[in-house]
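**Q** What follows is the file protein-v1.cif, containing mmCIF, C-alpha atoms:
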data_final
#
loop_
_atom_site.group_PDB
_atom_site.id
_atom_site.type_symbol
_atom_site.label_atom_id
_atom_site.label_comp_id
_atom_site.auth_asym_id
_atom_site.auth_seq_id
_atom_site.Cartn_x
_atom_site.Cartn_y
_atom_site.Cartn_z
ATOM 1 C CA LEU A 1 107.688 152.854 120.141
ATOM 2 C CA GLY A 2 107.286 150.823 123.265
ATOM 3 C CA SER A 3 104.444 148.387 123.581
ATOM 4 C CA ILE A 4 101.397 149.294 125.664
ATOM 5 C CA VAL A 5 100.257 146.644 128.138
ATOM 6 C CA THR A 6 96.625 146.827 129.256
ATOM 7 C CA ALA A 7 96.208 145.966 132.923
ATOM 8 C CA LEU A 8 93.961 143.003 133.666
ATOM 9 C CA THR A 9 91.114 143.619 136.106
ATOM 10 C CA ILE A 10 88.940 140.759 137.379
ATOM 11 C CA ASP A 11 85.472 141.380 138.801
ATOM 12 C CA HIS A 12 83.926 138.421 140.592
ATOM 13 C CA SER A 13 81.615 137.208 143.329
ATOM 14 C CA GLY A 14 80.969 133.924 145.114
ATOM 15 C CA ILE A 15 84.594 132.789 145.246
ATOM 16 C CA SER A 16 85.439 130.471 148.131
ATOM 17 C CA THR A 17 89.203 130.789 147.749
ATOM 18 C CA GLN A 18 91.657 132.756 145.634
ATOM 19 C CA SER A 19 95.315 131.771 145.437
ATOM 20 C CA SER A 20 98.352 132.455 143.285
ATOM 21 C CA ASP A 21 101.195 130.308 141.997
ATOM 22 C CA SER A 22 103.114 132.567 139.621
ATOM 23 C CA PRO A 23 102.262 133.162 136.854
ATOM 24 C CA TYR A 24 98.793 131.704 137.591
ATOM 25 C CA THR A 25 95.927 132.873 139.785
ATOM 26 C CA PHE A 26 93.326 130.333 140.897
ATOM 27 C CA TYR A 27 89.702 131.213 141.574
ATOM 28 C CA THR A 28 87.763 128.421 143.272
ATOM 29 C CA TYR A 29 83.982 128.246 143.689
ATOM 30 C CA THR A 30 82.633 125.489 145.927
ATOM 31 C CA ALA A 31 79.033 126.415 146.748
ATOM 32 C CA GLY A 32 76.157 128.576 145.600
ATOM 33 C CA THR A 33 76.279 131.072 142.733
ATOM 34 C CA GLY A 34 78.649 133.723 141.473
ATOM 35 C CA TYR A 35 80.006 135.476 138.417
ATOM 36 C CA PHE A 36 83.323 136.238 136.725
ATOM 37 C CA THR A 37 84.185 139.168 134.437
ATOM 38 C CA SER A 38 87.518 140.129 132.867
ATOM 39 C CA SER A 39 88.563 143.552 131.594
ATOM 40 C CA ARG A 40 90.182 141.999 128.507
ATOM 41 C CA ASP A 41 90.092 138.822 126.468
ATOM 42 C CA ILE A 42 91.788 135.970 128.319
ATOM 43 C CA THR A 43 92.208 132.205 128.057
ATOM 44 C CA VAL A 44 91.558 130.252 131.236
ATOM 45 C CA GLN A 45 91.801 126.638 132.315
ATOM 46 C CA LEU A 46 88.358 125.633 133.579
ATOM 47 C CA LEU A 47 87.515 122.646 135.774
ATOM 48 C CA ILE A 48 83.811 122.121 136.504
ATOM 49 C CA VAL A 49 82.298 119.335 138.641
ATOM 50 C CA GLY A 50 78.638 118.482 139.190
ATOM 51 C CA GLY A 51 77.325 117.747 142.673
ATOM 52 C CA GLY A 52 77.477 114.104 143.727
ATOM 53 C CA GLY A 53 74.326 112.006 144.090
ATOM 54 C CA SER A 54 73.390 110.535 147.454
ATOM 55 C CA GLY A 55 73.341 106.845 148.240
ATOM 56 C CA GLY A 56 70.079 104.933 148.071
ATOM 57 C CA GLU A 57 67.700 104.854 150.991
ATOM 58 C CA VAL A 58 68.041 102.049 153.508
ATOM 59 C CA CYS A 59 64.941 99.871 153.660
ATOM 60 C CA TYR A 60 64.459 97.372 156.513
ATOM 61 C CA ILE A 61 67.441 95.636 158.048
ATOM 62 C CA ILE A 62 67.158 92.630 155.756
ATOM 63 C CA CYS A 63 67.337 94.804 152.648
ATOM 64 C CA GLU A 64 70.533 96.482 153.798
ATOM 65 C CA GLY A 65 71.638 99.696 152.118
ATOM 66 C CA GLY A 66 71.016 101.028 148.671
ATOM 67 C CA GLY A 67 73.507 101.582 145.877
ATOM 68 C CA GLY A 68 76.133 104.299 145.992
ATOM 69 C CA GLY A 69 75.427 107.720 144.493
ATOM 70 C CA GLY A 70 77.157 108.635 141.261
ATOM 71 C CA GLY A 71 79.789 111.338 141.102
ATOM 72 C CA GLY A 72 78.984 114.496 139.179
ATOM 73 C CA ALA A 73 80.322 114.785 135.652
ATOM 74 C CA VAL A 74 83.729 116.451 135.363
ATOM 75 C CA GLY A 75 84.556 118.856 132.557
ATOM 76 C CA LYS A 76 87.944 120.457 131.955
ATOM 77 C CA GLY A 77 89.807 122.347 129.275
ATOM 78 C CA SER A 78 90.778 125.764 127.942
ATOM 79 C CA VAL A 79 88.091 128.419 127.530
ATOM 80 C CA GLN A 80 88.427 131.807 125.866
ATOM 81 C CA LEU A 81 86.608 134.512 127.814
ATOM 82 C CA LYS A 82 85.673 137.835 126.222
ATOM 83 C CA ALA A 83 86.290 141.229 127.792
ATOM 84 C CA GLY A 84 83.319 142.726 129.588
ATOM 85 C CA VAL A 85 81.140 139.603 129.391
ATOM 86 C CA GLN A 86 79.723 138.507 132.738
ATOM 87 C CA TYR A 87 79.932 134.732 133.091
ATOM 88 C CA SER A 88 77.427 133.317 135.565
ATOM 89 C CA ILE A 89 78.436 130.422 137.799
ATOM 90 C CA VAL A 90 76.282 127.883 139.619
ATOM 91 C CA VAL A 91 77.822 125.167 141.798
ATOM 92 C CA GLY A 92 75.590 122.108 142.092
ATOM 93 C CA SER A 93 74.900 120.862 145.599
ATOM 94 C CA GLY A 94 75.222 117.228 146.586
ATOM 95 C CA GLY A 95 72.161 115.036 146.997
ATOM 96 C CA GLN A 96 70.430 116.444 150.074
ATOM 97 C CA ASN A 97 68.558 113.313 151.136
ATOM 98 C CA ALA A 98 69.017 109.592 150.652
ATOM 99 C CA GLY A 99 67.929 108.630 147.157
ATOM 100 C CA SER A 100 68.348 112.099 145.596
ATOM 101 C CA SER A 101 70.536 113.197 142.695
ATOM 102 C CA GLY A 102 73.147 115.940 142.794
ATOM 103 C CA GLY A 103 72.696 119.387 141.289
ATOM 104 C CA ASP A 104 74.164 120.567 137.996
ATOM 105 C CA SER A 105 77.149 122.934 137.928
ATOM 106 C CA THR A 106 77.138 125.523 135.127
ATOM 107 C CA PHE A 107 79.386 128.176 133.620
ATOM 108 C CA LYS A 108 77.514 130.395 131.142
ATOM 109 C CA GLY A 109 77.983 133.671 129.317
ATOM 110 C CA GLY A 110 78.403 134.893 125.743
ATOM 111 C CA THR A 111 78.853 131.804 123.575
ATOM 112 C CA ILE A 112 79.943 129.641 126.538
ATOM 113 C CA ASN A 113 77.384 127.178 127.931
ATOM 114 C CA GLU A 114 79.106 124.526 130.030
ATOM 115 C CA ILE A 115 77.031 122.108 132.128
ATOM 116 C CA ALA A 116 78.436 119.392 134.399
ATOM 117 C CA LEU A 117 75.421 117.319 135.364
ATOM 118 C CA GLY A 118 74.949 116.182 138.950
ATOM 119 C CA GLY A 119 75.492 112.529 139.825
ATOM 120 C CA GLY A 120 72.559 110.125 139.857
ATOM 121 C CA CYS A 121 71.065 108.807 143.083
ATOM 122 C CA GLY A 122 71.790 105.279 144.220
ATOM 123 C CA GLY A 123 69.023 102.684 143.995
ATOM 124 C CA SER A 124 67.160 102.310 147.298
ATOM 125 C CA GLY A 125 66.350 99.205 149.288
ATOM 126 C CA ASN A 126 63.630 96.986 147.867
ATOM 127 C CA CYS A 127 60.616 98.551 149.624
ATOM 128 C CA VAL A 128 57.249 99.374 148.144
ATOM 129 C CA GLY A 129 57.332 102.731 146.379
ATOM 130 C CA LEU A 130 61.115 103.175 146.386
ATOM 131 C CA ASN A 131 63.279 103.341 143.286
ATOM 132 C CA THR A 132 65.628 100.339 143.275
ATOM 133 C CA VAL A 133 67.560 101.155 140.101
ATOM 134 C CA GLY A 134 70.307 103.752 140.014
ATOM 135 C CA CYS A 135 69.324 107.161 138.669
ATOM 136 C CA ASN A 136 70.795 108.599 135.494
ATOM 137 C CA GLY A 137 73.089 111.563 136.006
ATOM 138 C CA GLY A 138 76.514 112.992 135.288
ATOM 139 C CA SER A 139 77.711 109.610 136.469
ATOM 140 C CA GLY A 140 74.951 107.093 137.124
ATOM 141 C CA GLY A 141 74.031 105.882 140.582
ATOM 142 C CA GLY A 142 74.552 102.236 141.546
ATOM 143 C CA GLY A 143 71.670 99.781 141.561
ATOM 144 C CA ASN A 144 70.294 97.978 144.597
ATOM 145 C CA GLY A 145 71.080 94.269 144.541
ATOM 146 C CA TRP A 146 68.734 92.878 147.165
ATOM 147 C CA TYR A 147 65.911 90.560 146.038
ATOM 148 C CA GLY A 148 66.710 90.824 142.369
ATOM 149 C CA ASP A 149 69.219 92.538 140.131
ATOM 150 C CA HIS A 150 68.679 96.256 139.571
ATOM 151 C CA ALA A 151 70.447 98.312 136.931
ATOM 152 C CA GLY A 152 72.752 101.192 137.615
ATOM 153 C CA GLY A 153 71.997 104.597 136.121
ATOM 154 C CA ASN A 154 73.442 105.773 132.816
ATOM 155 C CA ARG A 155 75.998 108.533 132.557
ATOM 156 C CA ASN A 156 74.843 111.700 130.827
ATOM 157 C CA ILE A 157 77.154 114.370 129.443
ATOM 158 C CA ARG A 158 75.805 117.711 128.273
ATOM 159 C CA GLY A 159 77.418 121.026 127.448
ATOM 160 C CA SER A 160 79.077 122.813 124.580
ATOM 161 C CA THR A 161 82.040 121.214 122.857
ATOM 162 C CA VAL A 162 84.621 123.510 124.480
ATOM 163 C CA LEU A 163 85.390 121.300 127.476
ATOM 164 C CA THR A 164 86.102 117.576 127.608
ATOM 165 C CA TYR A 165 83.729 115.759 129.959
ATOM 166 C CA TYR A 166 84.285 112.610 132.005
ATOM 167 C CA ALA A 167 81.658 110.367 133.611
ATOM 168 C CA ASN A 168 80.793 106.704 134.165
ATOM 169 C CA ASN A 169 77.709 104.531 134.262
ATOM 170 C CA GLY A 170 76.495 103.205 137.601
ATOM 171 C CA ASN A 171 77.084 99.537 138.326
ATOM 172 C CA LEU A 172 74.531 96.737 138.306
ATOM 173 C CA GLY A 173 73.379 95.675 141.764
ATOM 174 C CA GLN A 174 73.137 91.869 141.968
ATOM 175 C CA HIS A 175 73.643 88.762 144.094
ATOM 176 C CA LEU A 176 72.485 90.443 147.320
ATOM 177 C CA ASN A 177 75.049 93.213 146.913
ATOM 178 C CA SER A 178 74.253 96.829 146.178
ATOM 179 C CA SER A 179 76.748 98.479 143.854
ATOM 180 C CA GLY A 180 78.807 101.623 143.708
ATOM 181 C CA GLY A 181 77.770 104.476 141.485
ATOM 182 C CA GLY A 182 79.865 105.710 138.603
ATOM 183 C CA GLY A 183 82.836 107.469 140.128
ATOM 184 C CA ALA A 184 81.881 106.151 143.593
ATOM 185 C CA GLY A 185 84.132 103.736 145.444
ATOM 186 C CA SER A 186 81.541 101.614 147.174
ATOM 187 C CA ALA A 187 77.906 101.253 148.111
ATOM 188 C CA SER A 188 76.756 103.725 150.722
ATOM 189 C CA SER A 189 73.806 105.627 152.097
ATOM 190 C CA GLY A 190 73.786 109.350 152.766
ATOM 191 C CA ALA A 191 74.438 112.703 151.162
ATOM 192 C CA SER A 192 77.438 113.636 149.082
ATOM 193 C CA GLY A 193 79.411 116.860 148.802
ATOM 194 C CA PHE A 194 79.133 119.897 146.591
ATOM 195 C CA GLY A 195 80.493 120.235 143.093
ATOM 196 C CA GLY A 196 82.821 123.072 142.270
ATOM 197 C CA PHE A 197 84.910 125.132 139.897
ATOM 198 C CA LEU A 198 88.574 125.912 139.656
#
Spell out the structure here as structure tokens.
**A**
Amino acid sequence: LGSIVTALTIDHSGISTQSSDSPYTFYTYTAGTGYFTSSRDITVQLLIVGGGGSGGEVCYIICEGGGGGGGGAVGKGSVQLKAGVQYSIVVGSGGQNAGSSGGDSTFKGGTINEIALGGGCGGSGNCVGLNTVGCNGGSGGGGNGWYGDHAGGNRNIRGSTVLTYYANNGNLGQHLNSSGGGGAGSASSGASGFGGFL
């Protein structure tokens, strides 16, 4: 008897791009929400990234800029998806205003519960009422270093044990220099980009 091969059908929404490189097909989500359903059990390679935190708020010219925002946590690995299960997808947005953290990116359904936390905000300039330390997040935001040393935020990894997650702590701001956030290259001020899936 010959073998019977069941055709694979993918039902999805929210995909930004779909591309093929035989024998693989790539589904990429870069903003908003969506879902993914397969007609049979499959194993996929999943890459999930939290939204990046924004840099700290600038406060007076003498205080210069705040610390850099932390990058979102990155999770990657093989995931087994079950036939007929709808997996919901949320792509975390970047920090929308100076001094705000990024949104979480999630992939959930059945027994899968993957969460890549958004990056922490950078510490703001040393003004009354502003947060000068870096925020905790997927990767922590950098601390403000003007008029005293201010700690960077701590990294925070959460999710099931299916994926391997990567993140870094934010750096200490000191000696009149604001620091880069975990995963950030340098101190900055402003919003960061969206997270995503592949």
**Q** For the point (89.3, 139.3, 128.2) in the file's frame, write as a list in words all residues with an atom no more than 10 Å away, counting all atoms listed in the file.
**A** Leu8, Thr9, Ile10, Thr37, Ser38, Ser39, Arg40, Asp41, Ile42, Thr43, Val44, Gln80, Leu81, Lys82, Ala83, Gly84 and Val85 of chain A
**Q** Would you export the selected residues with C-alpha atoms as a PDB file, in the frame of the given file, please?
**A**
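Just written: out30.pdb:
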ATOM      1  CA  LEU A   8      93.961 143.003 133.666  1.00  0.00           C
ATOM      2  CA  THR A   9      91.114 143.619 136.106  1.00  0.00           C
ATOM      3  CA  ILE A  10      88.940 140.759 137.379  1.00  0.00           C
ATOM      4  CA  THR A  37      84.185 139.168 134.437  1.00  0.00           C
ATOM      5  CA  SER A  38      87.518 140.129 132.867  1.00  0.00           C
ATOM      6  CA  SER A  39      88.563 143.552 131.594  1.00  0.00           C
ATOM      7  CA  ARG A  40      90.182 141.999 128.507  1.00  0.00           C
ATOM      8  CA  ASP A  41      90.092 138.822 126.468  1.00  0.00           C
ATOM      9  CA  ILE A  42      91.788 135.970 128.319  1.00  0.00           C
ATOM     10  CA  THR A  43      92.208 132.205 128.057  1.00  0.00           C
ATOM     11  CA  VAL A  44      91.558 130.252 131.236  1.00  0.00           C
ATOM     12  CA  GLN A  80      88.427 131.807 125.866  1.00  0.00           C
ATOM     13  CA  LEU A  81      86.608 134.512 127.814  1.00  0.00           C
ATOM     14  CA  LYS A  82      85.673 137.835 126.222  1.00  0.00           C
ATOM     15  CA  ALA A  83      86.290 141.229 127.792  1.00  0.00           C
ATOM     16  CA  GLY A  84      83.319 142.726 129.588  1.00  0.00           C
ATOM     17  CA  VAL A  85      81.140 139.603 129.391  1.00  0.00           C
TER      18      VAL A  85
END
**Q** Quick one, how far is CA of Ala151 (chain A) from CA of Asn171 (chain A)?
**A** 6.9 Å
**Q** Convert the output of the PyMOL selection byres ((chain A and resi 45-51) around 10) on the shown file into explicit residues, formatted as JSON, numbers by chain.
**A** {"A": [26, 27, 28, 29, 30, 31, 43, 44, 52, 53, 54, 70, 71, 72, 73, 74, 75, 76, 77, 78, 79, 80, 89, 90, 91, 92, 93, 94, 95, 101, 102, 103, 104, 105, 106, 107, 114, 115, 116, 117, 118, 119, 120, 137, 138, 139, 163, 164, 165, 166, 192, 193, 194, 195, 196, 197, 198]}
**Q** Could you state the separation of CA of Gly110 (chain A) and CA of Val162 (chain A) in Å, given to one decimal place?
**A**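 Those two atoms sit 13.0 Å apart.
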**Q** Quote the spacing between CA of Gly134 (chain A) and CA of Val58 (chain A) in Å to one decimal place.
**A**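 Interatomic distance, CA of Gly134 (chain A) to CA of Val58 (chain A): 13.8 Å.
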**Q** Of the candidates A:Gly109, A:Tyr87, A:Gly143, A:Asn136, which shows the shortest atom-to-atom distance to Asn168 (chain A), using only C-alpha atoms?
**A**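 Of the candidates, the smallest distance to Asn168 (chain A) is held by A:Asn136.
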**Q** What lies within 8 Å of Gly34 (chain A) using only C-alpha atoms, ignoring chain neighbours under 6 positions off, as a ChimeraX atom specification?
**A** /A:12-15,88-90
**Q** Just the selected residues (C-alpha atoms), exported as a tab-separated table (two decimals), in the frame of the given file, please.
**A**
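This is the output file again-v9.tsv:
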chain	number	residue	atom	x	y	z
A	12	HIS	CA	83.93	138.42	140.59
A	13	SER	CA	81.61	137.21	143.33
A	14	GLY	CA	80.97	133.92	145.11
A	15	ILE	CA	84.59	132.79	145.25
A	88	SER	CA	77.43	133.32	135.56
A	89	ILE	CA	78.44	130.42	137.80
A	90	VAL	CA	76.28	127.88	139.62
**Q** Residues picked by the PyMOL selection byres ((chain A and resi 154) around 6) here, as a ChimeraX atom specification?
**A** /A:136,140,153,155,169
**Q** Would you translate the PyMOL selection byres ((chain A and resi 122) around 8) into the concrete set of residues it matches in this file, as a count of residues only?
**A** 28
